[in-house]
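Raw contents of start-v5.json, JSON, C-alpha atoms:
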```
[["chain", "number", "residue", "atom", "x", "y", "z"],
["A", 1, "MET", "CA", 136.15, 202.23, 37.13],
["A", 2, "THR", "CA", 133.06, 200.82, 38.80],
["A", 3, "THR", "CA", 132.57, 199.97, 42.41],
["A", 4, "GLU", "CA", 130.33, 197.26, 43.68],
["A", 5, "ALA", "CA", 127.85, 197.89, 46.44],
["A", 6, "PRO", "CA", 128.80, 196.16, 49.68],
["A", 7, "ALA", "CA", 127.18, 192.79, 50.15],
["A", 8, "ALA", "CA", 124.12, 192.79, 52.36],
["A", 9, "PRO", "CA", 124.90, 191.52, 55.85],
["A", 10, "ASP", "CA", 123.94, 187.92, 56.57],
["A", 11, "LEU", "CA", 121.10, 187.97, 59.11],
["A", 12, "SER", "CA", 120.52, 184.20, 58.96],
["A", 13, "TYR", "CA", 122.37, 183.72, 62.26],
["A", 14, "GLY", "CA", 122.22, 185.50, 65.60],
["A", 15, "ARG", "CA", 119.56, 188.06, 66.51],
["A", 16, "LEU", "CA", 118.80, 191.62, 65.49],
["A", 17, "VAL", "CA", 117.85, 193.56, 68.64],
["A", 18, "PRO", "CA", 116.34, 197.08, 68.37],
["A", 19, "VAL", "CA", 118.06, 199.91, 70.26],
["A", 20, "ALA", "CA", 117.41, 203.64, 70.46],
["A", 21, "VAL", "CA", 119.93, 206.45, 70.17],
["A", 22, "HIS", "CA", 118.87, 209.56, 72.07],
["A", 23, "PHE", "CA", 119.96, 213.16, 71.57],
["A", 24, "ASP", "CA", 122.11, 213.06, 74.71],
["A", 25, "ASP", "CA", 124.05, 210.06, 73.32],
["A", 26, "LEU", "CA", 125.60, 212.39, 70.74],
["A", 27, "ASP", "CA", 128.87, 214.22, 71.36],
["A", 28, "ALA", "CA", 129.65, 217.90, 70.74],
["A", 29, "LEU", "CA", 130.09, 217.19, 67.01],
["A", 30, "GLY", "CA", 126.64, 215.60, 66.77],
["A", 31, "LEU", "CA", 128.05, 212.06, 66.45],
["A", 32, "LEU", "CA", 127.18, 209.06, 68.57],
["A", 33, "HIS", "CA", 129.89, 209.15, 71.23],
["A", 34, "ASN", "CA", 132.37, 206.29, 70.81],
["A", 35, "ALA", "CA", 131.75, 205.06, 74.38],
["A", 36, "ARG", "CA", 128.01, 204.69, 73.71],
["A", 37, "TYR", "CA", 128.44, 201.90, 71.15],
["A", 38, "PRO", "CA", 129.60, 199.29, 73.71],
["A", 39, "LEU", "CA", 126.92, 200.50, 76.14],
["A", 40, "LEU", "CA", 124.16, 200.05, 73.56],
["A", 41, "VAL", "CA", 125.57, 196.64, 72.60],
["A", 42, "GLU", "CA", 125.54, 195.63, 76.29],
["A", 43, "ARG", "CA", 121.93, 196.74, 76.63],
["A", 44, "ALA", "CA", 120.99, 194.69, 73.57],
["A", 45, "TRP", "CA", 122.71, 191.60, 75.02],
["A", 46, "SER", "CA", 120.99, 192.13, 78.36],
["A", 47, "GLN", "CA", 117.62, 192.31, 76.62],
["A", 48, "LEU", "CA", 118.35, 189.15, 74.63],
["A", 49, "TRP", "CA", 119.51, 187.16, 77.68],
["A", 50, "HIS", "CA", 116.60, 188.44, 79.80],
["A", 51, "GLY", "CA", 114.33, 186.90, 77.18],
["A", 52, "HIS", "CA", 115.98, 183.55, 77.99],
["A", 53, "GLY", "CA", 115.60, 184.04, 81.75],
["A", 54, "PHE", "CA", 119.21, 185.04, 82.51],
["A", 55, "ARG", "CA", 119.50, 188.24, 84.54],
["A", 56, "PHE", "CA", 121.18, 189.90, 87.50],
["A", 57, "GLU", "CA", 118.87, 190.97, 90.31],
["A", 58, "SER", "CA", 121.27, 192.20, 93.05],
["A", 59, "ASP", "CA", 122.46, 188.75, 94.15],
["A", 60, "TRP", "CA", 125.65, 187.51, 92.49],
["A", 61, "THR", "CA", 125.27, 183.98, 93.86],
["A", 62, "ALA", "CA", 121.76, 183.69, 92.45],
["A", 63, "ALA", "CA", 122.82, 185.36, 89.20],
["A", 64, "GLY", "CA", 124.43, 182.16, 87.92],
["A", 65, "ASP", "CA", 125.41, 182.68, 84.29],
["A", 66, "ALA", "CA", 124.86, 186.44, 84.61],
["A", 67, "CYS", "CA", 127.90, 186.50, 86.91],
["A", 68, "ASN", "CA", 130.54, 187.09, 84.26],
["A", 69, "ALA", "CA", 133.29, 189.54, 83.40],
["A", 70, "VAL", "CA", 134.65, 191.04, 80.20],
["A", 71, "ARG", "CA", 138.10, 189.82, 79.27],
["A", 72, "GLU", "CA", 138.44, 191.60, 75.95],
["A", 73, "LEU", "CA", 136.55, 194.13, 73.84],
["A", 74, "ARG", "CA", 137.36, 195.02, 70.24],
["A", 75, "ILE", "CA", 135.42, 197.53, 68.19],
["A", 76, "THR", "CA", 135.83, 199.12, 64.79],
["A", 77, "TYR", "CA", 133.89, 202.24, 63.88],
["A", 78, "ASP", "CA", 132.79, 201.97, 60.25],
["A", 79, "ALA", "CA", 130.46, 204.94, 59.70],
["A", 80, "PRO", "CA", 129.26, 207.75, 61.97],
["A", 81, "VAL", "CA", 125.82, 207.76, 63.56],
["A", 82, "THR", "CA", 124.73, 211.38, 63.16],
["A", 83, "ARG", "CA", 121.22, 211.50, 64.56],
["A", 84, "PRO", "CA", 118.98, 210.09, 67.25],
["A", 85, "GLY", "CA", 116.55, 207.38, 66.25],
["A", 86, "GLU", "CA", 115.91, 203.68, 66.00],
["A", 87, "TYR", "CA", 118.84, 201.41, 65.24],
["A", 88, "ALA", "CA", 119.67, 197.76, 65.95],
["A", 89, "VAL", "CA", 122.45, 195.55, 67.20],
["A", 90, "HIS", "CA", 123.08, 192.28, 65.37],
["A", 91, "LEU", "CA", 124.36, 189.80, 67.98],
["A", 92, "TRP", "CA", 125.81, 186.31, 67.65],
["A", 93, "LEU", "CA", 128.25, 183.92, 69.29],
["A", 94, "ASP", "CA", 131.51, 183.06, 67.54],
["A", 95, "ARG", "CA", 132.64, 180.65, 70.26],
["A", 96, "LEU", "CA", 130.94, 179.00, 73.24],
["A", 97, "GLY", "CA", 133.49, 177.36, 75.52],
["A", 98, "THR", "CA", 133.20, 175.70, 78.91],
["A", 99, "THR", "CA", 133.76, 178.88, 80.95],
["A", 100, "GLY", "CA", 134.02, 181.58, 78.31],
["A", 101, "LEU", "CA", 132.51, 182.79, 75.09],
["A", 102, "THR", "CA", 133.26, 185.18, 72.29],
["A", 103, "TYR", "CA", 130.44, 187.12, 70.77],
["A", 104, "GLY", "CA", 130.32, 189.26, 67.69],
["A", 105, "PHE", "CA", 128.21, 192.32, 67.12],
["A", 106, "ARG", "CA", 127.30, 194.94, 64.56],
["A", 107, "PHE", "CA", 125.74, 198.26, 65.50],
["A", 108, "CYS", "CA", 123.55, 198.85, 62.48],
["A", 109, "SER", "CA", 120.52, 200.43, 60.91],
["A", 110, "ALA", "CA", 117.18, 199.20, 62.22],
["A", 111, "ASP", "CA", 116.83, 196.79, 59.28],
["A", 112, "GLY", "CA", 120.40, 195.50, 59.65],
["A", 113, "ALA", "CA", 121.45, 196.71, 56.19],
["A", 114, "LEU", "CA", 123.99, 199.41, 57.14],
["A", 115, "THR", "CA", 126.82, 198.76, 59.62],
["A", 116, "TYR", "CA", 128.06, 201.66, 61.76],
["A", 117, "ALA", "CA", 130.39, 199.68, 64.05],
["A", 118, "SER", "CA", 131.37, 196.07, 64.55],
["A", 119, "GLY", "CA", 133.40, 194.07, 66.96],
["A", 120, "SER", "CA", 133.70, 191.25, 69.42],
["A", 121, "ARG", "CA", 133.83, 190.71, 73.15],
["A", 122, "VAL", "CA", 135.14, 187.85, 75.26],
["A", 123, "LEU", "CA", 133.25, 187.02, 78.47],
["A", 124, "VAL", "CA", 134.25, 184.65, 81.26],
["A", 125, "ARG", "CA", 131.63, 183.06, 83.54],
["A", 126, "LEU", "CA", 132.67, 183.52, 87.18],
["A", 127, "ASP", "CA", 131.96, 181.68, 90.40],
["A", 128, "ALA", "CA", 130.42, 184.36, 92.66],
["A", 129, "ALA", "CA", 132.31, 183.20, 95.77],
["A", 130, "THR", "CA", 135.80, 182.83, 94.30],
["A", 131, "LEU", "CA", 135.65, 185.03, 91.19],
["A", 132, "ARG", "CA", 137.39, 182.20, 89.32],
["A", 133, "PRO", "CA", 136.15, 180.84, 85.97],
["A", 134, "ALA", "CA", 133.13, 178.55, 86.28],
["A", 135, "PRO", "CA", 131.23, 176.51, 83.67],
["A", 136, "TRP", "CA", 128.15, 177.87, 81.94],
["A", 137, "SER", "CA", 124.93, 176.07, 82.88],
["A", 138, "GLU", "CA", 123.37, 173.67, 80.38],
["A", 139, "GLY", "CA", 120.40, 176.03, 79.97],
["A", 140, "PHE", "CA", 122.72, 178.88, 79.05],
["A", 141, "ARG", "CA", 124.69, 176.66, 76.68],
["A", 142, "ARG", "CA", 121.45, 175.56, 74.99],
["A", 143, "ALA", "CA", 120.39, 179.20, 74.44],
["A", 144, "GLY", "CA", 123.92, 180.07, 73.31],
["A", 145, "ARG", "CA", 124.13, 177.28, 70.73],
["A", 146, "ALA", "CA", 121.12, 178.84, 68.97],
["A", 147, "LEU", "CA", 123.17, 182.04, 68.55],
["A", 148, "LEU", "CA", 126.33, 180.45, 67.12],
["A", 149, "ARG", "CA", 127.50, 181.83, 63.81],
["A", 150, "PRO", "CA", 127.99, 179.10, 61.21],
["A", 151, "ALA", "CA", 131.62, 178.23, 60.43],
["A", 152, "ARG", "CA", 132.90, 180.20, 57.47]]
```

Translate this structure into structure tokens?
Amino acid sequence: MTTEAPAAPDLSYGRLVPVAVHFDDLDALGLLHNARYPLLVERAWSQLWHGHGFRFESDWTAAGDACNAVRELRITYDAPVTRPGEYAVHLWLDRLGTTGLTYGFRFCSADGALTYASGSRVLVRLDAATLRPAPWSEGFRRAGRALLRPAR
């Protein structure tokens, strides 16, 4: 019986953002703590959106598209991260709606070849005054369209 090597991940869509795992991110067993994965993914997204000019700077009204909330988070842990070092998060959008979006992610080796965890998250853009769903700006939508994963 032979087994085939897993197919290399498709990096032709989305962005691969470097992240660092530090010693204090590991749990008592020497594994990256399960709660750190979403935190590192969030930091990668923040870095990516900052590069497009979208950020929160202590004023929710001025934050515009950065005023959003998580509706859903799903994550699957595929392989343990057992040491500090340089890794990456592969980020993309699966859906870009009027007031919400769904993004996919893979926490992976720095070159994107090995996946440690993968998942998705649903965000809703909020109006700062009412905390009700509000439409994404055209600038945000333009940046988001560049991150859309091709239909399978």

Interatomic distance, atom CA of Phe105 of chain A to atom CA of Ala143 of chain A (Å, one decimal):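 A separation of 16.9 Å between them.
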
Please provide the set of residues having any atom within 12 Å of segment 125-130 of chain A, restricted to all atoms listed in the file, with same-chain residues fewer than 2 positions apart removed, written as JSON, numbers by chain. {"A": [56, 59, 60, 61, 62, 63, 64, 65, 66, 67, 68, 69, 70, 71, 96, 97, 98, 99, 100, 101, 102, 122, 123, 132, 133, 134, 135, 136, 137, 140, 141]}

Is it possible to get the residues within 9 Å of (126.8, 199.2, 66.8) (coordinates as in the file, counting only C-alpha atoms) written as number ranges by chain? A: 36-38, 40-41, 75, 77, 87-90, 105-109, 115-119

Selected residues written out, C-alpha atoms, as a PDB file, in the coordinates of the input:
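The new file selection_30.pdb reads:
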```
ATOM      1  CA  ARG A  36     128.010 204.690  73.710  1.00  0.00           C
ATOM      2  CA  TYR A  37     128.440 201.900  71.150  1.00  0.00           C
ATOM      3  CA  PRO A  38     129.600 199.290  73.710  1.00  0.00           C
ATOM      4  CA  LEU A  40     124.160 200.050  73.560  1.00  0.00           C
ATOM      5  CA  VAL A  41     125.570 196.640  72.600  1.00  0.00           C
ATOM      6  CA  ILE A  75     135.420 197.530  68.190  1.00  0.00           C
ATOM      7  CA  TYR A  77     133.890 202.240  63.880  1.00  0.00           C
ATOM      8  CA  TYR A  87     118.840 201.410  65.240  1.00  0.00           C
ATOM      9  CA  ALA A  88     119.670 197.760  65.950  1.00  0.00           C
ATOM     10  CA  VAL A  89     122.450 195.550  67.200  1.00  0.00           C
ATOM     11  CA  HIS A  90     123.080 192.280  65.370  1.00  0.00           C
ATOM     12  CA  PHE A 105     128.210 192.320  67.120  1.00  0.00           C
ATOM     13  CA  ARG A 106     127.300 194.940  64.560  1.00  0.00           C
ATOM     14  CA  PHE A 107     125.740 198.260  65.500  1.00  0.00           C
ATOM     15  CA  CYS A 108     123.550 198.850  62.480  1.00  0.00           C
ATOM     16  CA  SER A 109     120.520 200.430  60.910  1.00  0.00           C
ATOM     17  CA  THR A 115     126.820 198.760  59.620  1.00  0.00           C
ATOM     18  CA  TYR A 116     128.060 201.660  61.760  1.00  0.00           C
ATOM     19  CA  ALA A 117     130.390 199.680  64.050  1.00  0.00           C
ATOM     20  CA  SER A 118     131.370 196.070  64.550  1.00  0.00           C
ATOM     21  CA  GLY A 119     133.400 194.070  66.960  1.00  0.00           C
TER      22      GLY A 119
END
```

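Among the candidate residues A:Thr76, A:Thr82, A:Gln47, A:Ser12, the one lying nearest to Leu26 of chain A is A:Thr82, with distances computed using only C-alpha atoms.
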
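Closest to Leu16 of chain A among A:Leu39, A:Leu93, A:Ala110, A:Leu29 is A:Ala110, based on all atoms listed in the file.
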
I need the residue nearest Gly53 of chain A from this list: A:Gly85, A:Arg15, A:Gly139, A:Phe23. Use all atoms listed in the file for the distance.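 Smallest distance to Gly53 of chain A is found for A:Gly139.
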
Just how far from atom CA of Leu73 of chain A is atom CA of Leu131 of chain A, in Å to one decimal?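 Atom CA of Leu131 of chain A sits 19.6 Å away from atom CA of Leu73 of chain A.
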
Coordinates-based distance that separates atom CA of Leu114 of chain A from atom CA of Asn34 of chain A (Å, one decimal): 17.4 Å

Selection: 7 Å around Tyr13 of chain A, only C-alpha atoms, excl. self and same-chain fewer than 2 positions, as a VMD selection string: chain A and resid 11 15 92 147 149
